[in-house]
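Worksheet: the structure to be examined is printed underneath.
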There are 2 protein chains.
Amino acid sequence: MTETMLARRERLMGPNVPTFYDEPVHIVRGEGVWLWDADGKRYLDCYNNVPHVGHCHPKVVEAISRQASTLNTHTRYLHGGILDYIDRLTGMIGHDLTQMILVCTGSEANDIALRMAQAMTGKIGIIATDNTYHGNTLATSHLSTRRPPIGGYPAHVRLVPAPDTVRPIGGTLEGQAQAFADSIAQAIRELEDTGIGFSGMMLCPAFANEGLPALEPGFFDPAEKVIRDAGGLILCDEVQPGFGRLGSHLWGHERLGFTPDVVTVGKPMANGHPVAGVLARPDIMSAFRTAFGYFNTFGGNPVSCVAAMATLDVLEEEGLQQDALETGAYALDRLKAIEHPLKAEARGLGLFFGLEFVLDDGSPATDFAAQVVEEMRRRGVLLNRIGRHMNTLKMRPPLPFNREHADLAIDTLEEALKVVPHE
Amino acid sequence: MTETMLARRERLMGPNVPTFYDEPVHIVRGEGVWLWDADGKRYLDCYNNVPHVGHCHPKVVEAISRQASTLNTHTRYLHGGILDYIDRLTGMIGHDLTQMILVCTGSEANDIALRMAQAMTGKIGIIATDNTYHGNTLATSHLSTRRPPIGGYPAHVRLVPAPDTVRPIGGTLEGQAQAFADSIAQAIRELEDTGIGFSGMMLCPAFANEGLPALEPGFFDPAEKVIRDAGGLILCDEVQPGFGRLGSHLWGHERLGFTPDVVTVGKPMANGHPVAGVLARPDIMSAFRTAFGYFNTFGGNPVSCVAAMATLDVLEEEGLQQDALETGAYALDRLKAIEHPLKAEARGLGLFFGLEFVLDDGSPATDFAAQVVEEMRRRGVLLNRIGRHMNTLKMRPPLPFNREHADLAIDTLEEALKVVPHE
């Protein structure tokens with residue numbers, strides 16, 4: 001069955017279409033933190049952040065069904081749904097981010113954020129880290145180093161070394177914040193020297209794709225000063241850390257303690273319905289809308305808005321951010337207590353964990369981490385890897401993940417670590 | 001009520017957020033070809049192509065509801081939904097377009113199509129017409145002339161004069177196809193002379209935003225030869241003409257009679273659910289997937305696929321393409337019979353109509369057309385305008401639009417044309 005589906009995928013979707021696992025999972029049903037495959041095998045989902053309040057949450061499904069049978073049109077007509085949602089979300093963020101554009105994907109949101117910085121500064125130079133991901137549009141894919149663009153790397157993009165708490169940039173953990181700021185200052189000088197000019201920096205405030213390094217609040221302060229002094233904007237990609245996943249704070253920038261000019265939101269926002277958005281100050285929104293105009297056919301339609309609204313309702317009614325804080329702290333303690341010769345660091349923010357492995361010689365234990373992921377899948381727990389060297393286990397479950405689920409996941413992990421060879 | 005909503009929109013969404021009509025409509029409910037505003041006033045929808053098989057079609061709503069309560073995850077796991085849909089849609093198009101990427105918006109689809117041409121040719125030069133629209137991402141927005149990009153117009157984009165059957169390029173209708181091809185050949189020479197090179201041309205095969213000119217099949221043949229001879233790809237944006245709207249053919253390129261290398265689909269594809277896609281030959285898909293890689297979190301998820309599948313089911317079960325052909329022909333005859341001193345041309349393809357107005361001196365009757373749109377709205381019929389000068393009424397209703405609806409729309413139009421001043 002699976003083999004036939006893989007062949008069909010290749011025939012219909014082409015080559016290099018990413019799947020998880022050596023033997024990909026054929027999932028047919030989801031509920032809460034659980035997924036079931038076609039053979040009826042149940043998996044604990046320790047990976048998916050999109051079903052934020054749990055797979056197929058009945059409140060979100062009901063909201064989608066009701067609105068889809070009532071009206072689903074676009075924002076060129078007036079509708080209360082989008083206004084009620086923006087009113088509510090902008091009330092949850094501060095920093096005078098009182099206006100919002102609703103779109104369908106985080107990629108679309110970040111593609112807009114880049115242009116907001118352009119519109120405000122009249123420049124196009126942009127900085128990101130060298131192991132990030134901010135989207136799949138042509139413009140946002142320029143911020144990724146995965147593959148060189150056709151026509152060469154564009155001159156307006158500068159990528160700086162990503163922070164790392166196992167191999168800190170600049171050599172020491174204490175000096176890393178300043179080293180990070182210094183590399184941003186250098187990139188700004190390069191952009192200015194070439195005449196391109198500097199529009200801003202885009203970052204994930206959890207540096208999630210960079211490996212979720214265990215950074216202290218205040219880490220971004222020196223960088224923030226450098227960017228502000230140069231007149232650039234801080235474009236904060238909250239697609240992964242946002243909406244309470246970090247437990248201690250609703251947003252990643254709140255935890256690090258810096259002031260974003262633009263915030264983008266996505267994946268978990270509507271529990272899987274294609275909804276994303278860009279929050280900005282009125283002066284920035286006005287500059288963008290004057291310079292570019294913008295209309296998104298599906299963005300902010302009534303169904304999208306009720307899906308996003310119901311997700312916020314559940315988040316609050318079920319106290320999921322508080323659960324993320326408490327279960328996250330419990331699970332992180334257990335992860336930190338794991339003893340294994342290759343374990344380099346256990347780190348976590350709420351319900352987002354990284355468990356990094358390195359070999360005896362200090363090099364990344366990439367293959368080992370890959371084998372642990374496969375072993376966990378065989379044992380019914382779905383997780384994956386992150387970081388520059390993909391040697392860090394990534395656990396990022398739906399928020400209804402409780403202490404019992406955490407125990408099951410980590411008990412299973414301890415067993416897997418006993419059987420996966422590491423010599 | 002409406003005034004308060006407008007003020008709220010400005011406060012929450014910022015300035016320059018487009019709405020239709022001097023006094024925007026506050027729509028709260030939709031069914032079939034009908035929309036209702038908050039005061040209970042009913043409107044005949046002669047504009048919206050997104051609710052392709054009718055607003056809130058119960059079959060599509062039921063499919064979304066059922067799947068949303070079962071599973072909604074991504075394509076890194078195996079799922080039959082996306083395979084069944086691609087298998088079905090690629091069986092409806094020909095030209096060896098046997099593979100597909102599913103995304104969320106037509107903008108995302110066109111953004112990929114641009115990169116497919118880059119991956120196949122190793123070049124980035126791209127041609128479009130000078131009054132088109134292919135999307136709102138940074139890359140696709142470069143194909144629009146609405147506003148100059150920050151940093152100036154990019155050198156890799158060349159825009160050629162759009163075809164027009166009232167003011168033909170080159171001066172005569174007979175010579176227009178060759179004049180169009182000649183301007184493309186000139187643009188290709190410019191791209192090659194500057195060292196940028198030519199990757200392809202993107203076009204809507206109905207030239208919908210250009211004003212839906214009444215072009216004969218074969219019009220694109222000379223251009224196709226020029227593009228092929230230069231090694232470029234033909235990227236065919238079927239977001240507006242596709243899925244049977246034209247009546248005579250399922251796709252716009254079928255009607256004109258040319259061979260696309262890549263076809264993008266969107267808006268009507270899933271009756272309003274955010275779904276779009278890119279169809280390509282295996283060699284092109286392989287080149288793209290090798291050069292760029294690509295993953296779209298929401299793209300091709302199980303809910304998107306059942307929404308798109310149910311839309312195809314209804315299209316076939318209710319014979320809507322045939323209805324578009326028959327009702328379209330009937331309505332076009334009636335539009336052609338309208339007598340009005342400013343009427344320049346009535347044209348149509350299935351259920352997509354343009355009615356162009358010009359002043360006595362031959363200049364575009366833009367204000368007149370705008371007033372007709374407002375008068376129609378007052379009389380309970382929603383339509384709008386297209387074309388370079390926005391002097392062409394645009395009618396593009398959901399496909400369940402029948403002869404009775406056509407009579408109501410055109411009777412109302414005849415009355416509106418009597419009362420809108422034209423001197």
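Residues in the structure tokens are named by chain (A, B, ... in the order shown) and by number from 1 within that chain; ligands are numbered from 1 in the order shown.
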### Task
May I have the residues of chain A within 6 Å of chain B, counting only C-alpha atoms, written as a list in words?
Leu12, Met13, Pro15, Asn16, Pro18, Thr19, Phe20, Val25, His26, Arg29, Gly30, Cys56, Val61, Ser65, Ala68, Ser69, Thr70, Leu71, Arg76, Tyr77, Leu78, His79, Gln99, Met100, Pro274, Ser286, Arg289 and Phe298 of chain A
With N, CA and C atoms retained, export the selected residues as a compact mmCIF listing (two decimals), in the first residue's frame.
```txt
# COMPACT_ATOMS: atom_id res chain seq x y z
N LEU A 12 2.82 11.48 -9.95
CA LEU A 12 1.89 12.61 -10.00
C LEU A 12 2.48 13.91 -9.44
N MET A 13 3.44 13.79 -8.54
CA MET A 13 3.98 14.99 -7.89
C MET A 13 5.42 15.26 -8.30
N PRO A 15 9.74 14.26 -8.68
CA PRO A 15 10.81 13.84 -7.77
C PRO A 15 11.05 14.88 -6.67
N ASN A 16 11.82 14.49 -5.66
CA ASN A 16 12.26 15.41 -4.59
C ASN A 16 11.11 16.07 -3.84
N PRO A 18 9.40 16.23 -0.55
CA PRO A 18 9.84 15.74 0.76
C PRO A 18 8.78 14.94 1.50
N THR A 19 9.21 13.82 2.07
CA THR A 19 8.37 13.10 3.03
C THR A 19 9.19 12.90 4.29
N PHE A 20 8.52 12.64 5.39
CA PHE A 20 9.21 12.28 6.63
C PHE A 20 9.41 10.77 6.66
N VAL A 25 4.85 7.68 6.57
CA VAL A 25 3.63 7.29 7.28
C VAL A 25 2.41 7.70 6.45
N HIS A 26 1.47 6.80 6.38
CA HIS A 26 0.22 7.09 5.66
C HIS A 26 -0.86 7.36 6.70
N ARG A 29 -6.26 9.65 9.98
CA ARG A 29 -7.18 10.26 10.94
C ARG A 29 -6.39 10.95 12.04
N GLY A 30 -6.93 12.02 12.58
CA GLY A 30 -6.29 12.73 13.67
C GLY A 30 -7.30 13.19 14.70
N CYS A 56 -8.17 18.35 14.40
CA CYS A 56 -9.62 18.27 14.19
C CYS A 56 -10.42 18.74 15.40
N VAL A 61 -13.70 23.00 13.72
CA VAL A 61 -14.40 22.36 12.60
C VAL A 61 -15.82 22.90 12.48
N SER A 65 -17.43 24.83 9.29
CA SER A 65 -18.61 24.26 8.61
C SER A 65 -19.76 25.28 8.56
N ALA A 68 -18.78 28.22 6.20
CA ALA A 68 -18.70 27.79 4.80
C ALA A 68 -20.09 27.59 4.20
N SER A 69 -21.07 27.27 5.04
CA SER A 69 -22.43 27.09 4.51
C SER A 69 -23.23 28.39 4.53
N THR A 70 -22.63 29.47 5.03
CA THR A 70 -23.32 30.77 5.13
C THR A 70 -22.80 31.76 4.08
N LEU A 71 -21.49 31.95 4.06
CA LEU A 71 -20.88 32.90 3.12
C LEU A 71 -19.38 32.71 3.15
N ARG A 76 -13.32 42.66 -0.64
CA ARG A 76 -13.76 43.84 -1.39
C ARG A 76 -15.21 44.16 -1.06
N TYR A 77 -15.87 43.24 -0.37
CA TYR A 77 -17.13 43.57 0.28
C TYR A 77 -16.82 43.73 1.77
N LEU A 78 -17.70 44.42 2.47
CA LEU A 78 -17.51 44.55 3.91
C LEU A 78 -17.96 43.28 4.61
N HIS A 79 -17.27 42.91 5.67
CA HIS A 79 -17.70 41.78 6.48
C HIS A 79 -17.14 41.96 7.89
N GLN A 99 -2.58 47.23 13.15
CA GLN A 99 -3.22 46.96 11.87
C GLN A 99 -2.69 45.65 11.30
N MET A 100 -3.47 45.06 10.41
CA MET A 100 -3.13 43.71 9.97
C MET A 100 -3.63 43.46 8.54
N PRO A 274 -5.85 27.33 5.88
CA PRO A 274 -4.79 28.19 5.32
C PRO A 274 -4.99 29.67 5.62
N SER A 286 0.57 51.99 6.24
CA SER A 286 0.25 53.05 5.29
C SER A 286 1.32 53.14 4.20
N ARG A 289 0.86 50.09 1.89
CA ARG A 289 -0.35 50.15 1.07
C ARG A 289 -0.27 51.26 0.04
N PHE A 298 -8.28 35.12 -1.36
CA PHE A 298 -8.76 34.26 -0.27
C PHE A 298 -8.45 34.84 1.11
```
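For stretch 105-212 of chain A, backbone-based DSSP labels the following residues as strand (DSSP E or B): Gly125, Ile126, Ile127, Ala128, Thr129, Val157, Arg158, Leu159, Val160, Phe198, Ser199, Gly200, Met201, Met202 and Leu203 of chain A.
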Now that the selection is made, can you save its residues with all heavy atoms as an mmCIF file, in the first residue's frame?
```
data_model
loop_
_atom_site.group_PDB
_atom_site.id
_atom_site.type_symbol
_atom_site.label_atom_id
_atom_site.label_comp_id
_atom_site.auth_asym_id
_atom_site.auth_seq_id
_atom_site.Cartn_x
_atom_site.Cartn_y
_atom_site.Cartn_z
ATOM 1 N N GLY A 125 17.882 46.213 0.747
ATOM 2 C CA GLY A 125 18.810 45.292 1.418
ATOM 3 C C GLY A 125 18.168 44.650 2.645
ATOM 4 O O GLY A 125 17.531 45.329 3.440
ATOM 5 N N ILE A 126 18.360 43.356 2.787
ATOM 6 C CA ILE A 126 17.696 42.621 3.869
ATOM 7 C C ILE A 126 18.674 41.617 4.485
ATOM 8 O O ILE A 126 19.483 41.023 3.767
ATOM 9 C CB ILE A 126 16.402 41.938 3.352
ATOM 10 C CG1 ILE A 126 15.641 41.226 4.473
ATOM 11 C CG2 ILE A 126 16.679 40.956 2.225
ATOM 12 C CD1 ILE A 126 14.807 42.141 5.326
ATOM 13 N N ILE A 127 18.579 41.462 5.788
ATOM 14 C CA ILE A 127 19.456 40.550 6.526
ATOM 15 C C ILE A 127 18.619 39.447 7.170
ATOM 16 O O ILE A 127 17.514 39.703 7.647
ATOM 17 C CB ILE A 127 20.254 41.326 7.594
ATOM 18 C CG1 ILE A 127 21.187 42.337 6.906
ATOM 19 C CG2 ILE A 127 21.062 40.380 8.485
ATOM 20 C CD1 ILE A 127 21.906 43.268 7.878
ATOM 21 N N ALA A 128 19.163 38.225 7.150
ATOM 22 C CA ALA A 128 18.562 37.096 7.871
ATOM 23 C C ALA A 128 19.709 36.232 8.359
ATOM 24 O O ALA A 128 20.875 36.533 8.091
ATOM 25 C CB ALA A 128 17.627 36.318 6.953
ATOM 26 N N THR A 129 19.406 35.163 9.099
ATOM 27 C CA THR A 129 20.494 34.284 9.514
ATOM 28 C C THR A 129 20.780 33.258 8.413
ATOM 29 O O THR A 129 19.966 33.057 7.497
ATOM 30 C CB THR A 129 20.193 33.541 10.832
ATOM 31 O OG1 THR A 129 19.348 32.425 10.554
ATOM 32 C CG2 THR A 129 19.560 34.456 11.850
ATOM 33 N N VAL A 157 20.590 40.536 -0.433
ATOM 34 C CA VAL A 157 20.406 39.650 0.719
ATOM 35 C C VAL A 157 21.752 39.393 1.392
ATOM 36 O O VAL A 157 22.739 39.052 0.730
ATOM 37 C CB VAL A 157 19.785 38.309 0.283
ATOM 38 C CG1 VAL A 157 19.648 37.372 1.488
ATOM 39 C CG2 VAL A 157 18.420 38.531 -0.370
ATOM 40 N N ARG A 158 21.817 39.591 2.697
ATOM 41 C CA ARG A 158 23.019 39.262 3.479
ATOM 42 C C ARG A 158 22.611 38.321 4.603
ATOM 43 O O ARG A 158 21.685 38.609 5.358
ATOM 44 C CB ARG A 158 23.649 40.526 4.085
ATOM 45 C CG ARG A 158 24.367 41.419 3.102
ATOM 46 C CD ARG A 158 25.671 40.787 2.592
ATOM 47 N NE ARG A 158 26.423 41.660 1.706
ATOM 48 C CZ ARG A 158 26.115 41.947 0.451
ATOM 49 N NH1 ARG A 158 25.037 41.434 -0.096
ATOM 50 N NH2 ARG A 158 26.892 42.749 -0.256
ATOM 51 N N LEU A 159 23.306 37.194 4.700
ATOM 52 C CA LEU A 159 22.989 36.205 5.730
ATOM 53 C C LEU A 159 24.096 36.187 6.769
ATOM 54 O O LEU A 159 25.279 36.077 6.439
ATOM 55 C CB LEU A 159 22.828 34.820 5.082
ATOM 56 C CG LEU A 159 21.753 34.752 3.981
ATOM 57 C CD1 LEU A 159 21.697 33.359 3.367
ATOM 58 C CD2 LEU A 159 20.382 35.137 4.514
ATOM 59 N N VAL A 160 23.709 36.313 8.022
ATOM 60 C CA VAL A 160 24.689 36.354 9.120
ATOM 61 C C VAL A 160 24.651 35.022 9.877
ATOM 62 O O VAL A 160 23.629 34.331 9.876
ATOM 63 C CB VAL A 160 24.393 37.524 10.079
ATOM 64 C CG1 VAL A 160 24.522 38.850 9.354
ATOM 65 C CG2 VAL A 160 23.006 37.389 10.713
ATOM 66 N N PHE A 198 19.988 49.479 3.304
ATOM 67 C CA PHE A 198 19.514 48.518 4.304
ATOM 68 C C PHE A 198 18.045 48.780 4.621
ATOM 69 O O PHE A 198 17.671 49.883 5.001
ATOM 70 C CB PHE A 198 20.378 48.678 5.564
ATOM 71 C CG PHE A 198 19.932 47.868 6.746
ATOM 72 C CD1 PHE A 198 19.747 46.488 6.644
ATOM 73 C CD2 PHE A 198 19.719 48.475 7.974
ATOM 74 C CE1 PHE A 198 19.354 45.745 7.751
ATOM 75 C CE2 PHE A 198 19.334 47.734 9.089
ATOM 76 C CZ PHE A 198 19.147 46.374 8.972
ATOM 77 N N SER A 199 17.211 47.764 4.470
ATOM 78 C CA SER A 199 15.787 47.931 4.797
ATOM 79 C C SER A 199 15.424 47.294 6.123
ATOM 80 O O SER A 199 14.494 47.756 6.793
ATOM 81 C CB SER A 199 14.909 47.348 3.684
ATOM 82 O OG SER A 199 14.902 45.929 3.723
ATOM 83 N N GLY A 200 16.102 46.220 6.524
ATOM 84 C CA GLY A 200 15.743 45.596 7.791
ATOM 85 C C GLY A 200 16.285 44.200 7.932
ATOM 86 O O GLY A 200 17.033 43.713 7.085
ATOM 87 N N MET A 201 15.902 43.577 9.053
ATOM 88 C CA MET A 201 16.286 42.189 9.304
ATOM 89 C C MET A 201 15.031 41.379 9.588
ATOM 90 O O MET A 201 14.146 41.826 10.310
ATOM 91 C CB MET A 201 17.231 42.081 10.499
ATOM 92 C CG MET A 201 17.543 40.631 10.861
ATOM 93 S SD MET A 201 18.947 40.447 11.975
ATOM 94 C CE MET A 201 19.126 38.648 11.949
ATOM 95 N N MET A 202 14.957 40.186 9.008
ATOM 96 C CA MET A 202 13.874 39.253 9.308
ATOM 97 C C MET A 202 14.429 38.141 10.180
ATOM 98 O O MET A 202 15.486 37.582 9.882
ATOM 99 C CB MET A 202 13.302 38.680 8.007
ATOM 100 C CG MET A 202 12.152 37.702 8.243
ATOM 101 S SD MET A 202 11.272 37.257 6.711
ATOM 102 C CE MET A 202 10.223 38.707 6.475
ATOM 103 N N LEU A 203 13.710 37.852 11.260
ATOM 104 C CA LEU A 203 14.170 36.768 12.131
ATOM 105 C C LEU A 203 13.005 36.062 12.799
ATOM 106 O O LEU A 203 11.941 36.645 13.005
ATOM 107 C CB LEU A 203 15.113 37.293 13.219
ATOM 108 C CG LEU A 203 14.494 38.045 14.395
ATOM 109 C CD1 LEU A 203 15.386 37.895 15.609
ATOM 110 C CD2 LEU A 203 14.284 39.513 14.047
#
```
### Task
Output as an MDAnalysis selection string all residues of stretch 117-234 of chain B that backbone DSSP marks as helix (DSSP H, G or I).
chainID B and resid 117:121 138:141 173:193 221:229
Can I get the selection written as a compact mmCIF listing (two decimals), in the first residue's frame, with N, CA, C and O atoms?
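After the write, selection-v1.txt holds the following:
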```txt
# COMPACT_ATOMS: atom_id res chain seq x y z
N ALA B 117 10.28 28.14 -15.27
CA ALA B 117 10.93 28.62 -16.50
C ALA B 117 12.40 28.91 -16.24
O ALA B 117 13.26 28.63 -17.09
N GLN B 118 12.71 29.45 -15.07
CA GLN B 118 14.12 29.69 -14.72
C GLN B 118 14.90 28.38 -14.65
O GLN B 118 16.01 28.27 -15.17
N ALA B 119 14.29 27.39 -14.00
CA ALA B 119 14.99 26.12 -13.81
C ALA B 119 15.24 25.41 -15.14
O ALA B 119 16.27 24.77 -15.34
N MET B 120 14.29 25.54 -16.08
CA MET B 120 14.44 24.86 -17.37
C MET B 120 15.46 25.55 -18.26
O MET B 120 16.14 24.91 -19.06
N THR B 121 15.52 26.87 -18.18
CA THR B 121 16.37 27.62 -19.12
C THR B 121 17.67 28.09 -18.49
O THR B 121 18.61 28.47 -19.21
N LEU B 138 6.03 39.31 -4.24
CA LEU B 138 6.98 40.30 -4.75
C LEU B 138 7.36 39.97 -6.20
O LEU B 138 7.36 40.84 -7.07
N ALA B 139 7.65 38.69 -6.47
CA ALA B 139 8.10 38.30 -7.81
C ALA B 139 6.99 38.46 -8.85
O ALA B 139 7.22 38.99 -9.94
N THR B 140 5.77 38.02 -8.53
CA THR B 140 4.71 38.13 -9.53
C THR B 140 4.23 39.57 -9.67
O THR B 140 3.77 39.96 -10.75
N SER B 141 4.35 40.37 -8.61
CA SER B 141 3.90 41.76 -8.72
C SER B 141 4.78 42.57 -9.67
O SER B 141 4.37 43.62 -10.15
N LEU B 173 -7.05 44.72 -36.84
CA LEU B 173 -7.35 43.42 -36.23
C LEU B 173 -6.61 42.30 -36.96
O LEU B 173 -6.11 41.37 -36.34
N GLU B 174 -6.53 42.40 -38.27
CA GLU B 174 -5.91 41.35 -39.07
C GLU B 174 -4.41 41.21 -38.73
O GLU B 174 -3.87 40.12 -38.72
N GLY B 175 -3.79 42.35 -38.50
CA GLY B 175 -2.35 42.31 -38.26
C GLY B 175 -1.97 42.17 -36.81
O GLY B 175 -0.78 42.12 -36.47
N GLN B 176 -2.96 42.09 -35.91
CA GLN B 176 -2.66 42.17 -34.48
C GLN B 176 -1.85 40.97 -33.96
O GLN B 176 -0.94 41.14 -33.14
N ALA B 177 -2.20 39.77 -34.44
CA ALA B 177 -1.49 38.58 -33.94
C ALA B 177 0.00 38.68 -34.27
O ALA B 177 0.87 38.37 -33.44
N GLN B 178 0.31 39.14 -35.47
CA GLN B 178 1.72 39.26 -35.87
C GLN B 178 2.40 40.42 -35.12
O GLN B 178 3.55 40.30 -34.68
N ALA B 179 1.66 41.51 -34.95
CA ALA B 179 2.23 42.65 -34.21
C ALA B 179 2.56 42.25 -32.77
O ALA B 179 3.59 42.64 -32.21
N PHE B 180 1.67 41.44 -32.19
CA PHE B 180 1.88 40.95 -30.82
C PHE B 180 3.14 40.08 -30.79
O PHE B 180 4.02 40.25 -29.92
N ALA B 181 3.25 39.16 -31.75
CA ALA B 181 4.42 38.27 -31.83
C ALA B 181 5.69 39.10 -32.04
O ALA B 181 6.74 38.81 -31.44
N ASP B 182 5.60 40.12 -32.85
CA ASP B 182 6.78 40.96 -33.13
C ASP B 182 7.26 41.67 -31.86
O ASP B 182 8.47 41.79 -31.63
N SER B 183 6.30 42.13 -31.06
CA SER B 183 6.72 42.84 -29.83
C SER B 183 7.35 41.85 -28.85
O SER B 183 8.25 42.22 -28.10
N ILE B 184 6.88 40.61 -28.86
CA ILE B 184 7.50 39.59 -28.01
C ILE B 184 8.92 39.29 -28.51
O ILE B 184 9.87 39.20 -27.70
N ALA B 185 9.06 39.20 -29.82
CA ALA B 185 10.40 38.94 -30.39
C ALA B 185 11.37 40.07 -30.02
O ALA B 185 12.53 39.83 -29.67
N GLN B 186 10.86 41.29 -30.06
CA GLN B 186 11.68 42.44 -29.70
C GLN B 186 12.10 42.37 -28.22
O GLN B 186 13.27 42.61 -27.87
N ALA B 187 11.16 42.01 -27.35
CA ALA B 187 11.45 41.89 -25.92
C ALA B 187 12.48 40.80 -25.68
O ALA B 187 13.38 40.95 -24.85
N ILE B 188 12.36 39.70 -26.40
CA ILE B 188 13.34 38.60 -26.25
C ILE B 188 14.73 39.09 -26.66
O ILE B 188 15.72 38.83 -25.96
N ARG B 189 14.80 39.82 -27.76
CA ARG B 189 16.11 40.36 -28.20
C ARG B 189 16.70 41.26 -27.13
O ARG B 189 17.90 41.18 -26.82
N GLU B 190 15.86 42.09 -26.52
CA GLU B 190 16.36 42.99 -25.47
C GLU B 190 16.91 42.20 -24.28
O GLU B 190 17.97 42.52 -23.75
N LEU B 191 16.16 41.16 -23.87
CA LEU B 191 16.62 40.34 -22.74
C LEU B 191 17.93 39.64 -23.07
O LEU B 191 18.81 39.52 -22.22
N GLU B 192 18.05 39.18 -24.32
CA GLU B 192 19.28 38.49 -24.70
C GLU B 192 20.44 39.48 -24.85
O GLU B 192 21.57 39.20 -24.44
N ASP B 193 20.15 40.66 -25.41
CA ASP B 193 21.21 41.67 -25.60
C ASP B 193 21.79 42.14 -24.27
O ASP B 193 22.98 42.46 -24.18
N ASP B 221 -0.76 31.87 -32.11
CA ASP B 221 0.16 31.00 -32.88
C ASP B 221 1.48 31.68 -33.25
O ASP B 221 2.56 31.11 -33.02
N PRO B 222 1.45 32.87 -33.83
CA PRO B 222 2.74 33.50 -34.19
C PRO B 222 3.61 33.76 -32.94
O PRO B 222 4.83 33.55 -32.98
N ALA B 223 2.99 34.17 -31.85
CA ALA B 223 3.75 34.41 -30.61
C ALA B 223 4.33 33.11 -30.09
O ALA B 223 5.49 33.06 -29.65
N GLU B 224 3.54 32.04 -30.14
CA GLU B 224 4.01 30.74 -29.66
C GLU B 224 5.28 30.33 -30.40
O GLU B 224 6.24 29.88 -29.80
N LYS B 225 5.27 30.55 -31.73
CA LYS B 225 6.44 30.16 -32.53
C LYS B 225 7.68 30.97 -32.11
O LYS B 225 8.78 30.43 -31.95
N VAL B 226 7.47 32.27 -31.92
CA VAL B 226 8.59 33.14 -31.51
C VAL B 226 9.18 32.68 -30.18
O VAL B 226 10.40 32.59 -30.01
N ILE B 227 8.29 32.36 -29.23
CA ILE B 227 8.75 31.94 -27.90
C ILE B 227 9.47 30.60 -27.97
O ILE B 227 10.55 30.42 -27.41
N ARG B 228 8.89 29.65 -28.72
CA ARG B 228 9.52 28.33 -28.87
C ARG B 228 10.88 28.46 -29.55
O ARG B 228 11.85 27.82 -29.11
N ASP B 229 10.93 29.26 -30.61
CA ASP B 229 12.20 29.40 -31.34
C ASP B 229 13.30 29.96 -30.44
O ASP B 229 14.48 29.64 -30.64
```
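Of the listed residues B:Pro154, B:Gly362, B:Ala346, B:Val53, the one whose atoms come nearest to B:Val314 is B:Val53, with distances taken using only C-alpha atoms.
With atom CA of A:Leu246 on one side and atom CA of A:Val372 on the other, the separation reads 24.6 Å.
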